[in-house]
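Source file: work_3.pdb; contents: PDB, C-alpha atoms, pLDDT in the B column.
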```pdb
ATOM      1  CA  MET P 440       0.000   0.000   0.000  1.00 48.00           C
ATOM      2  CA  THR P 441       1.053   3.608  -0.518  1.00 72.00           C
ATOM      3  CA  ASN P 442      -0.238   6.892   0.887  1.00 92.00           C
ATOM      4  CA  ILE P 443      -3.299   7.067   3.103  1.00 95.00           C
ATOM      5  CA  LEU P 444      -6.005   9.185   1.460  1.00 96.00           C
ATOM      6  CA  LEU P 445      -8.839   8.866   3.976  1.00 97.00           C
ATOM      7  CA  SER P 446      -8.547   7.884   7.617  1.00 97.00           C
ATOM      8  CA  ALA P 447     -11.459   7.248   9.983  1.00 97.00           C
ATOM      9  CA  LYS P 448     -10.563   7.108  13.678  1.00 97.00           C
ATOM     10  CA  ASP P 449     -12.928   5.864  16.413  1.00 96.00           C
ATOM     11  CA  ILE P 450     -16.077   6.907  14.510  1.00 96.00           C
ATOM     12  CA  LYS P 451     -19.255   6.611  16.576  1.00 96.00           C
ATOM     13  CA  ILE P 452     -22.882   7.370  15.721  1.00 95.00           C
ATOM     14  CA  ARG P 453     -26.243   5.978  16.765  1.00 92.00           C
ATOM     15  CA  PHE P 454     -29.821   6.590  15.679  1.00 91.00           C
ATOM     16  CA  GLY P 455     -32.032   6.027  18.686  1.00 87.00           C
ATOM     17  CA  GLY P 456     -31.329   2.462  19.788  1.00 84.00           C
ATOM     18  CA  VAL P 457     -29.470   1.583  16.584  1.00 87.00           C
ATOM     19  CA  ILE P 458     -25.679   1.769  16.742  1.00 87.00           C
ATOM     20  CA  ALA P 459     -24.498   2.443  13.178  1.00 91.00           C
ATOM     21  CA  ALA P 460     -20.836   3.022  14.025  1.00 92.00           C
ATOM     22  CA  ASP P 461     -19.232   1.809  17.227  1.00 92.00           C
ATOM     23  CA  GLY P 462     -15.578   2.830  17.170  1.00 93.00           C
ATOM     24  CA  ILE P 463     -14.874   2.435  13.445  1.00 95.00           C
ATOM     25  CA  ASN P 464     -11.188   2.658  12.458  1.00 96.00           C
ATOM     26  CA  LEU P 465     -10.328   2.390   8.773  1.00 97.00           C
ATOM     27  CA  ASP P 466      -7.687   3.733   6.394  1.00 97.00           C
ATOM     28  CA  VAL P 467      -8.212   4.023   2.627  1.00 97.00           C
ATOM     29  CA  TYR P 468      -5.013   3.817   0.606  1.00 97.00           C
ATOM     30  CA  GLU P 469      -4.186   5.643  -2.614  1.00 96.00           C
ATOM     31  CA  GLY P 470      -4.796   3.529  -5.725  1.00 95.00           C
ATOM     32  CA  GLU P 471      -6.915   0.792  -4.179  1.00 96.00           C
ATOM     33  CA  ASN P 472     -10.471  -0.401  -4.772  1.00 97.00           C
ATOM     34  CA  LEU P 473     -11.841  -1.099  -1.301  1.00 97.00           C
ATOM     35  CA  ALA P 474     -15.105  -3.027  -0.986  1.00 97.00           C
ATOM     36  CA  ILE P 475     -17.327  -2.670   2.069  1.00 96.00           C
ATOM     37  CA  ILE P 476     -19.607  -5.634   2.732  1.00 95.00           C
ATOM     38  CA  GLY P 477     -22.019  -6.587   5.493  1.00 91.00           C
ATOM     39  CA  PRO P 478     -25.679  -7.252   6.272  1.00 88.00           C
ATOM     40  CA  ASN P 479     -28.365  -4.594   5.858  1.00 84.00           C
ATOM     41  CA  GLY P 480     -28.265  -2.089   8.696  1.00 83.00           C
ATOM     42  CA  ALA P 481     -24.620  -2.799   9.534  1.00 84.00           C
ATOM     43  CA  GLY P 482     -23.572   0.841   8.999  1.00 88.00           C
ATOM     44  CA  LYS P 483     -21.996   0.667   5.542  1.00 92.00           C
ATOM     45  CA  THR P 484     -23.862   3.584   3.942  1.00 92.00           C
ATOM     46  CA  THR P 485     -23.613   5.541   7.191  1.00 93.00           C
ATOM     47  CA  PHE P 486     -19.825   5.421   6.818  1.00 94.00           C
ATOM     48  CA  LEU P 487     -20.067   6.823   3.269  1.00 95.00           C
ATOM     49  CA  ASN P 488     -22.395   9.579   4.502  1.00 94.00           C
ATOM     50  CA  ILE P 489     -20.011  10.536   7.312  1.00 96.00           C
ATOM     51  CA  SER P 490     -17.020  10.527   4.963  1.00 96.00           C
ATOM     52  CA  THR P 491     -18.785  12.901   2.549  1.00 95.00           C
ATOM     53  CA  GLY P 492     -20.301  15.290   5.095  1.00 94.00           C
ATOM     54  CA  TYR P 493     -23.936  14.189   4.860  1.00 93.00           C
ATOM     55  CA  LEU P 494     -23.750  13.028   8.479  1.00 94.00           C
ATOM     56  CA  ARG P 495     -21.603  14.243  11.344  1.00 95.00           C
ATOM     57  CA  PRO P 496     -20.391  11.535  13.737  1.00 95.00           C
ATOM     58  CA  GLN P 497     -21.097  11.795  17.449  1.00 95.00           C
ATOM     59  CA  GLY P 498     -17.501  10.807  18.125  1.00 95.00           C
ATOM     60  CA  GLY P 499     -14.238  10.341  16.254  1.00 96.00           C
ATOM     61  CA  THR P 500     -12.633  12.065  13.274  1.00 97.00           C
ATOM     62  CA  VAL P 501     -12.294  11.679   9.520  1.00 97.00           C
ATOM     63  CA  THR P 502      -9.203  13.040   7.810  1.00 97.00           C
ATOM     64  CA  PHE P 503      -8.500  13.359   4.089  1.00 97.00           C
ATOM     65  CA  LEU P 504      -4.904  13.846   2.962  1.00 94.00           C
ATOM     66  CA  GLY P 505      -4.086  14.634   6.564  1.00 91.00           C
ATOM     67  CA  HIS P 506      -6.744  17.356   6.965  1.00 94.00           C
ATOM     68  CA  ASP P 507      -9.645  16.972   9.399  1.00 97.00           C
ATOM     69  CA  ILE P 508     -12.887  17.020   7.380  1.00 97.00           C
ATOM     70  CA  THR P 509     -15.217  15.736  10.122  1.00 96.00           C
ATOM     71  CA  ALA P 510     -17.263  18.941  10.340  1.00 92.00           C
ATOM     72  CA  HIS P 511     -17.041  19.981   6.672  1.00 96.00           C
ATOM     73  CA  LEU P 512     -20.093  20.347   4.450  1.00 95.00           C
ATOM     74  CA  PRO P 513     -20.537  18.034   1.434  1.00 92.00           C
ATOM     75  CA  ARG P 514     -19.739  20.838  -1.042  1.00 89.00           C
ATOM     76  CA  THR P 515     -16.458  21.591   0.714  1.00 93.00           C
ATOM     77  CA  ILE P 516     -15.487  17.922   0.831  1.00 95.00           C
ATOM     78  CA  THR P 517     -16.233  17.571  -2.881  1.00 91.00           C
ATOM     79  CA  LYS P 518     -13.928  20.476  -3.682  1.00 90.00           C
ATOM     80  CA  LEU P 519     -11.178  18.866  -1.613  1.00 93.00           C
ATOM     81  CA  GLY P 520     -11.289  15.783  -3.843  1.00 94.00           C
ATOM     82  CA  ILE P 521     -13.921  13.285  -2.620  1.00 96.00           C
ATOM     83  CA  ALA P 522     -16.812  12.465  -4.954  1.00 93.00           C
ATOM     84  CA  ARG P 523     -19.894  10.351  -4.284  1.00 91.00           C
ATOM     85  CA  ALA P 524     -22.058   8.113  -6.481  1.00 87.00           C
ATOM     86  CA  PHE P 525     -25.385   7.014  -5.016  1.00 79.00           C
ATOM     87  CA  GLN P 526     -27.482   3.859  -5.440  1.00 76.00           C
ATOM     88  CA  ILE P 527     -29.901   5.871  -7.584  1.00 76.00           C
ATOM     89  CA  PRO P 528     -28.042   8.034 -10.135  1.00 74.00           C
ATOM     90  CA  GLN P 529     -28.425  11.727  -9.353  1.00 80.00           C
ATOM     91  CA  LEU P 530     -29.251  13.090 -12.810  1.00 86.00           C
ATOM     92  CA  PHE P 531     -31.379  15.898 -14.222  1.00 85.00           C
ATOM     93  CA  LEU P 532     -33.695  13.535 -16.079  1.00 88.00           C
ATOM     94  CA  ASP P 533     -35.204  16.139 -18.422  1.00 89.00           C
ATOM     95  CA  GLN P 534     -31.802  17.391 -19.567  1.00 89.00           C
ATOM     96  CA  THR P 535     -29.521  15.680 -22.046  1.00 91.00           C
ATOM     97  CA  VAL P 536     -26.538  13.688 -20.900  1.00 93.00           C
ATOM     98  CA  ILE P 537     -24.068  16.317 -22.087  1.00 91.00           C
ATOM     99  CA  GLU P 538     -26.094  19.052 -20.353  1.00 89.00           C
ATOM    100  CA  ASN P 539     -25.835  17.090 -17.116  1.00 90.00           C
ATOM    101  CA  MET P 540     -22.087  16.920 -17.565  1.00 89.00           C
ATOM    102  CA  LEU P 541     -21.760  20.622 -18.317  1.00 87.00           C
ATOM    103  CA  ILE P 542     -23.852  21.538 -15.280  1.00 84.00           C
ATOM    104  CA  ALA P 543     -21.343  19.592 -13.169  1.00 79.00           C
ATOM    105  CA  ALA P 544     -18.451  21.408 -14.868  1.00 77.00           C
ATOM    106  CA  ALA P 545     -20.071  24.787 -14.305  1.00 75.00           C
ATOM    107  CA  SER P 546     -20.721  23.961 -10.653  1.00 71.00           C
ATOM    108  CA  LEU P 547     -17.112  22.944 -10.077  1.00 68.00           C
ATOM    109  CA  LYS P 548     -15.806  26.184 -11.548  1.00 65.00           C
ATOM    110  CA  GLY P 549     -18.465  28.365  -9.899  1.00 61.00           C
ATOM    111  CA  ARG P 550     -19.790  29.541 -13.248  1.00 56.00           C
ATOM    112  CA  PRO P 551     -23.443  30.334 -14.065  1.00 53.00           C
ATOM    113  CA  SER P 552     -25.111  27.212 -15.463  1.00 52.00           C
ATOM    114  CA  GLY P 553     -28.013  28.581 -17.490  1.00 53.00           C
ATOM    115  CA  PHE P 554     -28.883  25.933 -20.061  1.00 52.00           C
ATOM    116  CA  LYS P 555     -28.405  28.304 -23.021  1.00 54.00           C
ATOM    117  CA  ALA P 556     -24.829  29.021 -21.945  1.00 60.00           C
ATOM    118  CA  LEU P 557     -23.802  25.424 -21.310  1.00 63.00           C
ATOM    119  CA  SER P 558     -22.701  24.560 -24.834  1.00 62.00           C
ATOM    120  CA  SER P 559     -20.200  27.423 -24.843  1.00 64.00           C
ATOM    121  CA  LEU P 560     -18.364  26.288 -21.707  1.00 68.00           C
ATOM    122  CA  PRO P 561     -14.660  25.621 -22.343  1.00 69.00           C
ATOM    123  CA  GLU P 562     -14.994  22.275 -20.534  1.00 78.00           C
ATOM    124  CA  ALA P 563     -17.314  20.850 -23.216  1.00 82.00           C
ATOM    125  CA  SER P 564     -14.595  18.799 -24.907  1.00 87.00           C
ATOM    126  CA  GLU P 565     -13.406  17.425 -21.557  1.00 89.00           C
ATOM    127  CA  MET P 566     -16.971  16.366 -20.677  1.00 90.00           C
ATOM    128  CA  GLU P 567     -17.235  14.559 -24.014  1.00 92.00           C
ATOM    129  CA  ARG P 568     -13.933  12.825 -23.267  1.00 94.00           C
ATOM    130  CA  LEU P 569     -15.278  11.549 -19.952  1.00 95.00           C
ATOM    131  CA  LEU P 570     -18.467  10.276 -21.574  1.00 95.00           C
ATOM    132  CA  ASP P 571     -16.325   8.463 -24.122  1.00 95.00           C
ATOM    133  CA  LEU P 572     -14.154   7.068 -21.326  1.00 95.00           C
ATOM    134  CA  VAL P 573     -17.167   5.337 -19.738  1.00 94.00           C
ATOM    135  CA  GLY P 574     -18.642   4.277 -23.070  1.00 92.00           C
ATOM    136  CA  VAL P 575     -21.736   6.498 -23.209  1.00 93.00           C
ATOM    137  CA  LYS P 576     -20.688   9.272 -25.608  1.00 93.00           C
ATOM    138  CA  SER P 577     -23.277   8.020 -28.125  1.00 93.00           C
ATOM    139  CA  TYR P 578     -25.972   8.995 -25.585  1.00 92.00           C
ATOM    140  CA  ALA P 579     -24.699  12.578 -25.205  1.00 91.00           C
ATOM    141  CA  GLU P 580     -27.692  14.246 -26.901  1.00 92.00           C
ATOM    142  CA  ARG P 581     -30.307  11.940 -25.345  1.00 93.00           C
ATOM    143  CA  LYS P 582     -32.332  13.005 -22.322  1.00 93.00           C
ATOM    144  CA  ALA P 583     -31.153  11.238 -19.189  1.00 91.00           C
ATOM    145  CA  ARG P 584     -34.575   9.687 -18.571  1.00 92.00           C
ATOM    146  CA  GLU P 585     -34.333   7.812 -21.883  1.00 93.00           C
ATOM    147  CA  LEU P 586     -31.244   5.844 -20.833  1.00 90.00           C
ATOM    148  CA  PRO P 587     -31.327   2.267 -19.535  1.00 88.00           C
ATOM    149  CA  GLU P 588     -30.319   1.903 -15.881  1.00 87.00           C
ATOM    150  CA  GLY P 589     -26.823   0.624 -16.679  1.00 87.00           C
ATOM    151  CA  GLN P 590     -26.041   3.642 -18.858  1.00 91.00           C
ATOM    152  CA  ARG P 591     -27.440   5.992 -16.209  1.00 90.00           C
ATOM    153  CA  LYS P 592     -25.006   4.476 -13.744  1.00 89.00           C
ATOM    154  CA  LEU P 593     -22.117   5.118 -16.124  1.00 92.00           C
ATOM    155  CA  VAL P 594     -23.213   8.712 -16.711  1.00 91.00           C
ATOM    156  CA  ASP P 595     -23.344   9.155 -12.941  1.00 90.00           C
ATOM    157  CA  ILE P 596     -19.732   7.928 -12.735  1.00 92.00           C
ATOM    158  CA  ALA P 597     -18.740  10.327 -15.524  1.00 92.00           C
ATOM    159  CA  LEU P 598     -20.383  13.146 -13.530  1.00 90.00           C
ATOM    160  CA  ALA P 599     -18.341  12.167 -10.492  1.00 91.00           C
ATOM    161  CA  LEU P 600     -15.148  12.129 -12.568  1.00 92.00           C
ATOM    162  CA  ALA P 601     -16.001  15.608 -13.874  1.00 89.00           C
ATOM    163  CA  LEU P 602     -15.426  16.831 -10.317  1.00 87.00           C
ATOM    164  CA  LYS P 603     -11.760  15.745 -10.576  1.00 90.00           C
ATOM    165  CA  PRO P 604     -11.782  13.600  -7.440  1.00 94.00           C
ATOM    166  CA  LYS P 605      -8.911  11.727  -5.856  1.00 96.00           C
ATOM    167  CA  LEU P 606     -11.378   9.403  -4.096  1.00 97.00           C
ATOM    168  CA  LEU P 607     -14.772   8.132  -5.265  1.00 97.00           C
ATOM    169  CA  LEU P 608     -17.250   6.573  -2.823  1.00 96.00           C
ATOM    170  CA  MET P 609     -19.945   4.401  -4.414  1.00 94.00           C
ATOM    171  CA  ASP P 610     -23.032   2.824  -2.855  1.00 91.00           C
ATOM    172  CA  GLU P 611     -23.808  -0.425  -4.719  1.00 90.00           C
ATOM    173  CA  PRO P 612     -22.592   0.753  -8.144  1.00 89.00           C
ATOM    174  CA  THR P 613     -24.491  -1.952 -10.081  1.00 86.00           C
ATOM    175  CA  SER P 614     -27.732  -2.070  -8.070  1.00 85.00           C
ATOM    176  CA  GLY P 615     -30.757  -2.067 -10.367  1.00 83.00           C
ATOM    177  CA  VAL P 616     -28.644  -3.232 -13.320  1.00 84.00           C
ATOM    178  CA  ALA P 617     -29.520  -6.495 -15.078  1.00 84.00           C
ATOM    179  CA  SER P 618     -27.308  -9.384 -13.976  1.00 87.00           C
ATOM    180  CA  SER P 619     -26.102  -9.879 -17.538  1.00 87.00           C
ATOM    181  CA  GLU P 620     -24.780  -6.289 -17.622  1.00 88.00           C
ATOM    182  CA  LYS P 621     -23.105  -6.041 -14.212  1.00 90.00           C
ATOM    183  CA  LEU P 622     -19.672  -7.321 -15.181  1.00 92.00           C
ATOM    184  CA  GLY P 623     -19.551  -5.094 -18.246  1.00 92.00           C
ATOM    185  CA  ILE P 624     -20.516  -2.036 -16.195  1.00 91.00           C
ATOM    186  CA  MET P 625     -17.876  -2.768 -13.551  1.00 93.00           C
ATOM    187  CA  ASP P 626     -15.209  -3.483 -16.171  1.00 94.00           C
ATOM    188  CA  ILE P 627     -15.817  -0.055 -17.705  1.00 93.00           C
ATOM    189  CA  LEU P 628     -16.024   1.638 -14.317  1.00 93.00           C
ATOM    190  CA  THR P 629     -12.814   0.211 -12.861  1.00 94.00           C
ATOM    191  CA  THR P 630     -10.887   0.807 -16.097  1.00 95.00           C
ATOM    192  CA  ALA P 631     -12.017   4.444 -16.116  1.00 95.00           C
ATOM    193  CA  LEU P 632     -11.008   4.921 -12.469  1.00 95.00           C
ATOM    194  CA  ALA P 633      -7.583   3.445 -13.139  1.00 95.00           C
ATOM    195  CA  LYS P 634      -7.023   5.705 -16.155  1.00 95.00           C
ATOM    196  CA  GLU P 635      -8.043   8.780 -14.152  1.00 95.00           C
ATOM    197  CA  LYS P 636      -5.990   7.628 -11.117  1.00 96.00           C
ATOM    198  CA  VAL P 637      -9.008   7.683  -8.808  1.00 97.00           C
ATOM    199  CA  THR P 638      -9.122   5.547  -5.666  1.00 97.00           C
ATOM    200  CA  SER P 639     -12.487   3.944  -4.884  1.00 97.00           C
ATOM    201  CA  VAL P 640     -14.531   2.636  -1.975  1.00 97.00           C
ATOM    202  CA  PHE P 641     -17.686   0.746  -2.895  1.00 96.00           C
ATOM    203  CA  VAL P 642     -20.460  -0.882  -0.890  1.00 94.00           C
ATOM    204  CA  GLU P 643     -21.439  -4.200  -2.447  1.00 92.00           C
ATOM    205  CA  HIS P 644     -23.665  -7.218  -1.685  1.00 90.00           C
ATOM    206  CA  ASP P 645     -22.638  -9.361  -4.654  1.00 90.00           C
ATOM    207  CA  MET P 646     -19.651 -11.417  -3.539  1.00 91.00           C
ATOM    208  CA  ASP P 647     -18.684 -12.279  -7.122  1.00 91.00           C
ATOM    209  CA  MET P 648     -18.228  -8.552  -7.766  1.00 93.00           C
ATOM    210  CA  VAL P 649     -16.221  -8.157  -4.566  1.00 94.00           C
ATOM    211  CA  GLU P 650     -13.928 -11.060  -5.443  1.00 94.00           C
ATOM    212  CA  ARG P 651     -13.394  -9.798  -8.983  1.00 94.00           C
ATOM    213  CA  TYR P 652     -12.920  -6.055  -8.475  1.00 96.00           C
ATOM    214  CA  ALA P 653     -11.755  -5.321  -4.906  1.00 96.00           C
ATOM    215  CA  ASN P 654      -8.130  -5.147  -3.768  1.00 95.00           C
ATOM    216  CA  ARG P 655      -9.205  -5.144  -0.114  1.00 97.00           C
ATOM    217  CA  VAL P 656     -12.454  -5.872   1.706  1.00 97.00           C
ATOM    218  CA  ALA P 657     -13.757  -4.425   4.979  1.00 96.00           C
ATOM    219  CA  VAL P 658     -16.554  -6.371   6.666  1.00 95.00           C
ATOM    220  CA  TRP P 659     -19.139  -4.349   8.593  1.00 93.00           C
ATOM    221  CA  ASN P 660     -21.294  -6.069  11.232  1.00 90.00           C
ATOM    222  CA  MET P 661     -23.470  -4.362  13.857  1.00 87.00           C
ATOM    223  CA  GLY P 662     -21.645  -1.051  13.594  1.00 89.00           C
ATOM    224  CA  LYS P 663     -18.174  -2.576  13.880  1.00 92.00           C
ATOM    225  CA  ILE P 664     -15.518  -3.696  11.408  1.00 94.00           C
ATOM    226  CA  GLN P 665     -15.377  -7.459  11.765  1.00 92.00           C
ATOM    227  CA  LYS P 666     -12.465  -8.094   9.407  1.00 93.00           C
ATOM    228  CA  VAL P 667     -10.255  -6.376   6.832  1.00 96.00           C
ATOM    229  CA  GLY P 668      -8.186  -8.247   4.265  1.00 96.00           C
ATOM    230  CA  THR P 669      -7.864  -9.379   0.684  1.00 96.00           C
ATOM    231  CA  PRO P 670     -10.993 -10.811  -0.968  1.00 95.00           C
ATOM    232  CA  ALA P 671      -9.528 -14.316  -0.671  1.00 95.00           C
ATOM    233  CA  GLU P 672      -8.837 -13.902   3.056  1.00 95.00           C
ATOM    234  CA  VAL P 673     -12.181 -12.332   3.875  1.00 94.00           C
ATOM    235  CA  LEU P 674     -14.425 -14.577   1.797  1.00 92.00           C
ATOM    236  CA  ALA P 675     -12.750 -17.705   3.195  1.00 92.00           C
ATOM    237  CA  ASP P 676     -13.289 -16.670   6.819  1.00 91.00           C
ATOM    238  CA  PRO P 677     -15.863 -19.024   8.436  1.00 92.00           C
ATOM    239  CA  ARG P 678     -17.434 -16.264  10.570  1.00 90.00           C
ATOM    240  CA  VAL P 679     -17.808 -13.953   7.569  1.00 89.00           C
ATOM    241  CA  ARG P 680     -19.290 -16.762   5.488  1.00 89.00           C
ATOM    242  CA  GLU P 681     -21.809 -17.606   8.211  1.00 86.00           C
ATOM    243  CA  GLN P 682     -22.717 -14.168   9.563  1.00 80.00           C
ATOM    244  CA  VAL P 683     -22.399 -11.946   6.475  1.00 80.00           C
ATOM    245  CA  ILE P 684     -22.560 -14.042   3.326  1.00 77.00           C
ATOM    246  CA  GLY P 685     -25.006 -16.582   4.740  1.00 70.00           C
ATOM    247  CA  ILE P 686     -23.219 -19.780   3.646  1.00 56.00           C
TER     248      ILE P 686
END
```
Represent the structure of the file as structure tokens.
Amino acid sequence: MTNILLSAKDIKIRFGGVIAADGINLDVYEGENLAIIGPNGAGKTTFLNISTGYLRPQGGTVTFLGHDITAHLPRTITKLGIARAFQIPQLFLDQTVIENMLIAAASLKGRPSGFKALSSLPEASEMERLLDLVGVKSYAERKARELPEGQRKLVDIALALALKPKLLLMDEPTSGVASSEKLGIMDILTTALAKEKVTSVFVEHDMDMVERYANRVAVWNMGKIQKVGTPAEVLADPRVREQVIGI
């Protein structure tokens, strides 16, 4: 492993009687694809929300490139270099794919994003490059609502890459995608991240995807990290197989 990008230390948060994080300690290393697995309600998405400023922990700290970001707002964290992709792609459905991309570019630069002015933005060629990188450039002039779910996911990743992140956090990147398309989507996604030199953390329930695409795996269970290791180490662990995978 190389440099630590993100470091969570003793993170704690509860919602009523539910403990979503009970002393979480985890480092994310530059260049890796880290999978987070665990049963529903284990605290996986809560960790992503804390790391991106959508939730503030009741204890502990999160640092990014050595800087404490625990109390930062999502917009500030995005500008520092952490992007987020959600289970449901966050697109303007009545705008074209390229308009969605240009809105993201305008937002990053703090420019006005009136639809009539979008096509004249100097970032237009870069946005087209990113769409081509994830294989959806042919959809550029289509409205986002017309795209199949798999292509929407890829556009959402292109939008995240438009923010020039160092780290991308993804919540079930292939959820809602047909089983026959999942491997193709993840192949494109991981290739694009490697080309752009973006580190990733992704929550996943499909163990085949974890085994194929993760460098490391962190197992969440009842608000705690049960195990961290390579996919082979984690998926062979009897407790993980019984309590998390259900084998």
Got a sec to resolve the PyMOL selection byres ((chain P and resi 475) around 9) on this structure and send the residues as a PDB file with C-alpha atoms, in the frame of the given file?
```
ATOM      1  CA  LEU P 473     -11.841  -1.099  -1.301  1.00 97.00           C
ATOM      2  CA  ALA P 474     -15.105  -3.027  -0.986  1.00 97.00           C
ATOM      3  CA  ILE P 476     -19.607  -5.634   2.732  1.00 95.00           C
ATOM      4  CA  GLY P 477     -22.019  -6.587   5.493  1.00 91.00           C
ATOM      5  CA  LYS P 483     -21.996   0.667   5.542  1.00 92.00           C
ATOM      6  CA  VAL P 640     -14.531   2.636  -1.975  1.00 97.00           C
ATOM      7  CA  PHE P 641     -17.686   0.746  -2.895  1.00 96.00           C
ATOM      8  CA  VAL P 642     -20.460  -0.882  -0.890  1.00 94.00           C
ATOM      9  CA  GLU P 643     -21.439  -4.200  -2.447  1.00 92.00           C
ATOM     10  CA  HIS P 644     -23.665  -7.218  -1.685  1.00 90.00           C
ATOM     11  CA  VAL P 649     -16.221  -8.157  -4.566  1.00 94.00           C
ATOM     12  CA  ARG P 655      -9.205  -5.144  -0.114  1.00 97.00           C
ATOM     13  CA  VAL P 656     -12.454  -5.872   1.706  1.00 97.00           C
ATOM     14  CA  ALA P 657     -13.757  -4.425   4.979  1.00 96.00           C
ATOM     15  CA  VAL P 658     -16.554  -6.371   6.666  1.00 95.00           C
ATOM     16  CA  TRP P 659     -19.139  -4.349   8.593  1.00 93.00           C
TER      17      TRP P 659
END
```
Sel. within 12 Å of pt (-20.1, 22.6, -3.7), counting all atoms listed in the file, output as a PyMOL selection string: chain P and resi 491-492+511-522+543-550+602
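Applied to this file, the PyMOL selection byres ((chain P and resi 614) around 12) selects Ala524, Phe525, Gln526, Ile527, Pro528, Glu588, Gly589, Arg591, Lys592, Met609, Asp610, Glu611, Pro612, Thr613, Gly615, Val616, Ala617, Ser618, Glu620, Lys621, Leu622, Ile624, Met625, Phe641, Val642, Glu643, His644, Asp645 and Met648 of chain P.
Interatomic distance, atom CA of Lys634 of chain P against atom CA of Lys605 of chain P: 12.1 Å.
We find atom CA of Gly470 of chain P and atom CA of Leu608 of chain P to be spaced 13.1 Å apart.
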Near-Thr630 of chain P list (10 Å; all atoms listed in the file; drop same-chain fewer than 6 positions) as a PyMOL selection string: chain P and resi 572-573+636
Write out the residues from the selection above, keeping C-alpha atoms, as a short mmCIF file (atom, residue, chain, number, x, y, z; two decimals), keeping the file's coordinate frame.
```
data_model
loop_
_atom_site.label_atom_id
_atom_site.label_comp_id
_atom_site.auth_asym_id
_atom_site.auth_seq_id
_atom_site.Cartn_x
_atom_site.Cartn_y
_atom_site.Cartn_z
CA LEU P 572 -14.15 7.07 -21.33
CA VAL P 573 -17.17 5.34 -19.74
CA LYS P 636 -5.99 7.63 -11.12
#
```
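Each of P:Pro670, P:Pro587, P:Gly505, P:Gly662 was checked against Phe454 of chain P using all atoms listed in the file; the smallest atom-to-atom distance is that of P:Gly662.
The nearest approach to Asp466 of chain P among the residues P:Lys451, P:Phe503, P:Thr669, P:Met566, with all atoms listed in the file taken into account, belongs to P:Phe503.
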Who sits within 12 Å of Asp533 of chain P, only C-alpha atoms, same chain under 3 positions skipped, as a PyMOL selection string: chain P and resi 530+536-539+554+580-586
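For the atom pair formed by atom CA of Pro478 of chain P and atom CA of Gln590 of chain P, the distance is 27.4 Å, given to one decimal.
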Ile450 of chain P surroundings by all atoms listed in the file, 9 Å radius, close-in-sequence under 2 positions cut, as a list in words: Ala447, Lys448, Ile452, Ala460, Asp461, Gly462, Ile463, Asn464, Phe486, Ile489, Pro496, Gln497, Gly498, Gly499, Thr500 and Val501 of chain P
Exercise on segment 651-656 of chain P, axis-aligned box with 5 Å per side, report centre and edge lengths in Å to one decimal, as JSON:
```
{"center_x": -10.8, "center_y": -7.5, "center_z": -3.6, "size_x": 15.3, "size_y": 14.7, "size_z": 20.7}
```
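Counting all atoms listed in the file, Ser564 of chain P has the following residues at most 12 Å away, ignoring those fewer than 6 positions along the same chain: P:Ile537, P:Met540, P:Leu541, P:Ala544, P:Leu557, P:Ser558, P:Leu570, P:Asp571, P:Lys576, P:Ala579, P:Ala601.
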